[in-house]
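Comments concern the structure below.
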Protein chains: 4
Amino acid sequence: MAIMRLGRAELKVMDLEKSVDYYTNVIGLEETGRSEGRVYMKAWDEYDHHSIVLQEADSPGLDHLAFKVEKLEDLAQFEKKVELFGCTVRRVSSGARLAEGQAIRIETPTGHQVELYHEIERLGKKVGSVNPHPWPLETRGIAPHALDHCLLTGEDVETATRFFMEALGFKQSEKIMTVDGEVMLGSFLFTGNKAHDIAFVKGPDKKLHHAAFHVDNFYEVLKAADILSRNEVQIEVTPTRHGITRGQTIYFFDPSGNRNEAFCGGYMTYADFPTITWTEDRIGQGIFYHRRELIESFMKALT
Amino acid sequence: MAIMRLGRAELKVMDLEKSVDYYTNVIGLEETGRSEGRVYMKAWDEYDHHSIVLQEADSPGLDHLAFKVEKLEDLAQFEKKVELFGCTVRRVSSGARLAEGQAIRIETPTGHQVELYHEIERLGKKVGSVNPHPWPLETRGIAPHALDHCLLTGEDVETATRFFMEALGFKQSEKIMTVDGEVMLGSFLFTGNKAHDIAFVKGPDKKLHHAAFHVDNFYEVLKAADILSRNEVQIEVTPTRHGITRGQTIYFFDPSGNRNEAFCGGYMTYADFPTITWTEDRIGQGIFYHRRELIESFMKALT
Amino acid sequence: MAIMRLGRAELKVMDLEKSVDYYTNVIGLEETGRSEGRVYMKAWDEYDHHSIVLQEADSPGLDHLAFKVEKLEDLAQFEKKVELFGCTVRRVSSGARLAEGQAIRIETPTGHQVELYHEIERLGKKVGSVNPHPWPLETRGIAPHALDHCLLTGEDVETATRFFMEALGFKQSEKIMTVDGEVMLGSFLFTGNKAHDIAFVKGPDKKLHHAAFHVDNFYEVLKAADILSRNEVQIEVTPTRHGITRGQTIYFFDPSGNRNEAFCGGYMTYADFPTITWTEDRIGQGIFYHRRELIESFMKALT
Amino acid sequence: MAIMRLGRAELKVMDLEKSVDYYTNVIGLEETGRSEGRVYMKAWDEYDHHSIVLQEADSPGLDHLAFKVEKLEDLAQFEKKVELFGCTVRRVSSGARLAEGQAIRIETPTGHQVELYHEIERLGKKVGSVNPHPWPLETRGIAPHALDHCLLTGEDVETATRFFMEALGFKQSEKIMTVDGEVMLGSFLFTGNKAHDIAFVKGPDKKLHHAAFHVDNFYEVLKAADILSRNEVQIEVTPTRHGITRGQTIYFFDPSGNRNEAFCGGYMTYADFPTITWTEDRIGQGIFYHRRELIESFMKALT
């Protein structure tokens, strides 16, 4: 009974075709299907049918996140633990979206919609599974390997953390605390060996801070920044390192204003990873290791 | 009940002081303790007391590998599964080596000694766990982040694979098969999100092919190669990419002839990772993606 | 008759010991001598006695820049060309500073003091000149290879450019022009194969914008940023790319407020390089390729 | 009066179309013209009409190298110096090849044909010269920036060196000497700020060892190696560092057996660069810094 990974994010976008153009040509995802008002996409290094779903909407934001569990029967077990924690959960029958099987849909303490699922059609990779080359020819744009993690905001980061740890089995890699140690302002949660699979910072409930894509190394972060600049995409944070996770990063916005990140290089975690603490007075260096201070838009722009 | 990681390798070395000099000054591990005939070491990005134990011996080789399990009670459960598989397993009381608690010691189908343990003293990292900097000042040598994986040889790779999968819960990321698909010549096994934590290639039982250390990126592989060359360490394979795991690598030998690797950049796995197959006719490209042929020493030099 | 390179910059600093600490431990230069009120330094990959001179002063800024010419007899020839251009020039006898021979001192049209010299004591490199290793052991801090270039400000960039081209033999790699093409706002000048050895942007006469050090690659830029952050040095511009020169960069300040840069990766030039033009409406992307807009401090902070 | 750079190499190839396919799709040059039995190519970061000319022939090898001089009138001056040195030189009228103006053709002491020229049609770069992006969209293959240098063999390296220094104005960055210091076995020569523009090693006269292309960094060397492997091009030397020049490199062969190199990262030179000496007993580390021994093919395979 285990969550394997953040399997998908369904993002609300306002101009569907413009967004498809951005996510395929600038980010470099592959369009894998369309259904009413939705476009499905995967990154080149992912096996499943999609990791990003664009949903046409009147305002930007996150429809839902979904985590893929190891076994189908895990769903029932997680369902119980979620109910025990006191969150609402309901079954979602297969067929709501393309290529997906059944799922459970949870409302987290921060009001976000999170699904757990096991079944999804697998498309494989262009490089194949027999004597594969390390990377495919003819990628476009940033060409990230995969969806990596999401950062959400919520009023009660501590309860969100408890929910993900107690009900869903996540571990906490890092936390941001007020200097007096009383209030948790940020929480970084992982399920396998990554520095984070999902994270929360204090802010309004139900909001998305960013969805991040994994790239291989700091030269790929530079390439991503070059591609974004060339395509006149708004870059909020140019290449830098996070203190938290130690990863390297850039932040930018999709055409609807949803924040994206290209991320590489965080440390490896294990279940016995001792949670790292950042104190609020050092939060600037924690978030942007080089700049060492927050920027207003980074705190304010949420979708 | 889960294995978290390859926690340590106890290597047999012939000239202990020369080996300590190599592992501390060239590899750049930190000496953390000594007991009769043994020296204990950790990499800078590891929390536990040691990941490498050097044991003074008449010949090089591997005394044992050990995997750290998530919970102490996992030991009993794994004990049962190992016995059920038909391998011998015995309890090792704490105190045999420094800083370690109780363990179970297994003889694998390939005759290797593998321990599972949960308890070990934790030393932490020089960067600390409160507002940490991303890397410590004053590292020496290659300064890898951590022990990464080991490759062992065995007559029956298929049974070794079954043992690690069925008794210990590993998954298989890649396998090398004869062209007719009959015989498994290589097997790459993981337990979390790494491309491999342990691997087997066909060869004599009980032997070590190499112990690998994790470095961050390809420039660190270059730095490692520079440092080895400057220290006149024998480099068997200069910087290149593996087809298998897609990682970047160099191979070299410790003063006793145990092979080491500095490795970075393999893909991320999950429990649903579909095993990649390499066919024997492409094994050259699978092992050394650029050279595309094996080298004799790589097959012959085992300890 | 040719200028080889920017050989040194004499910087005015207010707290000499604090500055020495910064330039040796954070930048990672080597102190090579002291004379009254001055400390001399070189980078590890330079042969000459010094490339940076720190001069104790009441305010920050640039005492003078100096270019090393190919032959001693070049001095007389440049002297004539400078006079012909209409700038004042005078002989500076050897002995004014440590390790230096005779020089000519020019006042440029922008009021900067520029010396030309050929003679300077050579200290060589720690790696030696017989069977050298590619880099020395025991570097500290950022450890740049060499002083790379300086950017100065002046009211009349066009005349400064003409002076460097006509009197000193420089070529122009790039220029920034008002949209109507009437006024030159920036000028990037080179003497060999580098993207720039000296540059001017429109601003007050006699001022220094920055002195830049050469690092090898973008990972070294990241390392530089990490080291600066750890040492709490003010970083003005975190890792990014320039449109102009195409190089990768960070900007930061020494303890007296003189701006420094760590720079890598600009293109190669030759005498037939066709000058690239940036128009003022795209100056943001020209200076900071990712951010695509200027920042106020970058225009205002001059010493 | 100065040589600016190695402007072109005319290579003899046996199967023209196969060679064009290799140089355009694998190396990633752009075809810029064809004339009888010749195909002309340039790299994306070069301005001139061509840097590589493929000439259909019965055997591989080098037809000639050509250096571009700063001014047209330099030709007459170099002509005199070459004659004074005692080498034959003749005028080549424009029109022999596409896009080229007049030239002088020299037979070097090692029997190689070397042309000097100033006039050649300029095609510019896809990124343009007004507000250019740092790199073009839609490159193919390795996509080097430019032709970088060539290594030739000759019986008398010392005389070849004297010729290039005395008649053509080159400087020597490095030399390989027998241990007794009597015989020069290798010589590395530069004309501006590069570690080498042309080099010689002891061997048969008139032969080409390799033609090298410049790539930006070590990740680009890795990319080059990946592309070559994928295209089943024979890679002779996988990614490594040279002791000589300190650059990073791979060697491989074109379809006719002419050796190519992808090279990055050598140090910067100036006219006062003190020649580095490698002694024959350390030649292995000088050539291949990590392997530290020569490989037979590298000495034997010449065209």
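So you can find residues: chains in the structure tokens are A, B, ... in the order shown, residues in each start at 1, and ligands are numbered from 1 in order.
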query: Skipping near chain neighbours, those fewer than 2 positions away, what residues fall within 6 Å of region 241-258 of chain D using only C-alpha atoms, listed as a PyMOL selection string?
result: (chain C and resi 134) or (chain D and resi 13-14+60+195+234-239+260-266+285-289+303)
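Set the cut-off at 9 Å, count only C-alpha atoms, and the residues of chain C near chain B turn out to be C:His133, C:Pro134, C:Trp135, C:Tyr219, C:Asp226, C:Arg230.
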- prompt: In Å to one decimal, how far is CA of Leu54 (chain B) from CA of Thr153 (chain B)?
  reply: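 About the pair CA of Thr153 (chain B) and CA of Leu54 (chain B): they are 20.5 Å apart.
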Residues near Leu98 (chain B), cut-off 12 Å, only C-alpha atoms, skip fewer than 3 positions along chain, as number ranges by chain: B: 32-41, 48-53, 93-95, 101-102, 119-122
Go ahead and dump the residues you just picked, N, CA, C and O atoms, as a CSV table (one decimal), in the first residue's frame.
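Final output, part-v3.csv:
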```csv
chain,number,residue,atom,x,y,z
B,32,THR,N,34.8,7.7,10.3
B,32,THR,CA,33.9,7.9,11.5
B,32,THR,C,34.2,7.0,12.6
B,32,THR,O,33.6,7.1,13.7
B,33,GLY,N,35.1,6.0,12.4
B,33,GLY,CA,35.4,5.2,13.6
B,33,GLY,C,36.4,4.0,13.2
B,33,GLY,O,36.6,3.8,12.0
B,34,ARG,N,36.9,3.4,14.2
B,34,ARG,CA,37.8,2.3,14.0
B,34,ARG,C,37.5,1.2,15.0
B,34,ARG,O,37.2,1.5,16.2
B,35,SER,N,37.5,0.0,14.6
B,35,SER,CA,37.4,-1.1,15.6
B,35,SER,C,38.4,-2.2,15.1
B,35,SER,O,39.0,-2.0,14.0
B,36,GLU,N,38.6,-3.2,15.8
B,36,GLU,CA,39.6,-4.2,15.5
B,36,GLU,C,39.6,-4.6,14.0
B,36,GLU,O,38.7,-5.3,13.5
B,37,GLY,N,40.6,-4.1,13.3
B,37,GLY,CA,40.8,-4.5,11.9
B,37,GLY,C,39.8,-3.9,10.9
B,37,GLY,O,39.7,-4.3,9.7
B,38,ARG,N,39.0,-2.9,11.4
B,38,ARG,CA,38.0,-2.3,10.6
B,38,ARG,C,38.1,-0.7,10.7
B,38,ARG,O,38.3,-0.2,11.8
B,39,VAL,N,37.9,-0.1,9.5
B,39,VAL,CA,37.7,1.4,9.6
B,39,VAL,C,36.4,1.7,8.9
B,39,VAL,O,36.0,1.1,7.9
B,40,TYR,N,35.7,2.6,9.6
B,40,TYR,CA,34.3,3.0,9.2
B,40,TYR,C,34.3,4.3,8.5
B,40,TYR,O,34.9,5.3,9.0
B,41,MET,N,33.5,4.5,7.5
B,41,MET,CA,33.4,5.7,6.7
B,41,MET,C,32.0,6.1,6.2
B,41,MET,O,31.2,5.2,6.0
B,48,ASP,N,23.9,8.4,8.3
B,48,ASP,CA,24.2,7.3,9.2
B,48,ASP,C,25.7,7.2,9.4
B,48,ASP,O,26.5,7.8,8.7
B,49,HIS,N,26.1,6.5,10.5
B,49,HIS,CA,27.5,6.4,11.0
B,49,HIS,C,28.5,6.0,9.9
B,49,HIS,O,29.6,6.4,9.8
B,50,HIS,N,28.1,5.0,9.0
B,50,HIS,CA,29.0,4.6,8.0
B,50,HIS,C,28.2,3.9,6.8
B,50,HIS,O,27.1,3.4,7.0
B,51,SER,N,28.8,4.0,5.7
B,51,SER,CA,28.3,3.3,4.5
B,51,SER,C,29.4,2.4,3.9
B,51,SER,O,29.1,1.5,3.2
B,52,ILE,N,30.6,2.7,4.3
B,52,ILE,CA,31.7,1.8,3.8
B,52,ILE,C,32.5,1.4,5.1
B,52,ILE,O,32.8,2.2,6.0
B,53,VAL,N,32.7,0.1,5.1
B,53,VAL,CA,33.6,-0.5,6.2
B,53,VAL,C,34.7,-1.2,5.5
B,53,VAL,O,34.5,-2.0,4.6
B,93,SER,N,23.8,-10.3,16.2
B,93,SER,CA,23.5,-9.4,17.4
B,93,SER,C,24.3,-8.2,17.2
B,93,SER,O,25.3,-8.1,16.6
B,94,SER,N,23.8,-7.1,17.8
B,94,SER,CA,24.4,-5.8,17.7
B,94,SER,C,25.8,-5.9,18.4
B,94,SER,O,26.0,-6.8,19.2
B,95,GLY,N,26.7,-5.1,18.0
B,95,GLY,CA,28.0,-5.0,18.6
B,95,GLY,C,29.0,-5.7,17.8
B,95,GLY,O,30.2,-5.6,18.1
B,101,GLY,N,23.1,-1.8,15.2
B,101,GLY,CA,22.3,-2.6,16.1
B,101,GLY,C,22.1,-4.0,15.5
B,101,GLY,O,23.0,-4.4,14.7
B,102,GLN,N,21.0,-4.6,15.8
B,102,GLN,CA,20.8,-6.0,15.4
B,102,GLN,C,20.6,-6.0,13.9
B,102,GLN,O,20.2,-5.1,13.3
B,119,GLU,N,18.8,-0.4,12.8
B,119,GLU,CA,19.4,0.4,13.7
B,119,GLU,C,20.9,0.7,13.4
B,119,GLU,O,21.6,-0.2,13.1
B,120,ILE,N,21.2,2.0,13.4
B,120,ILE,CA,22.6,2.4,13.2
B,120,ILE,C,22.6,3.8,13.8
B,120,ILE,O,21.7,4.6,13.6
B,121,GLU,N,23.7,4.1,14.5
B,121,GLU,CA,23.9,5.4,15.0
B,121,GLU,C,23.9,6.4,13.9
B,121,GLU,O,24.4,6.2,12.8
B,122,ARG,N,23.3,7.6,14.2
B,122,ARG,CA,23.2,8.6,13.1
B,122,ARG,C,24.2,9.8,13.5
B,122,ARG,O,24.1,10.3,14.6
```
task: Find the spatial neighbours of Val201 (chain D), counting only C-alpha atoms, within a cut-off of 9 Å - ignore same-chain residues fewer than 6 positions away - and output them as a PyMOL selection string.
output: chain D and resi 151-157+176+184-188+209
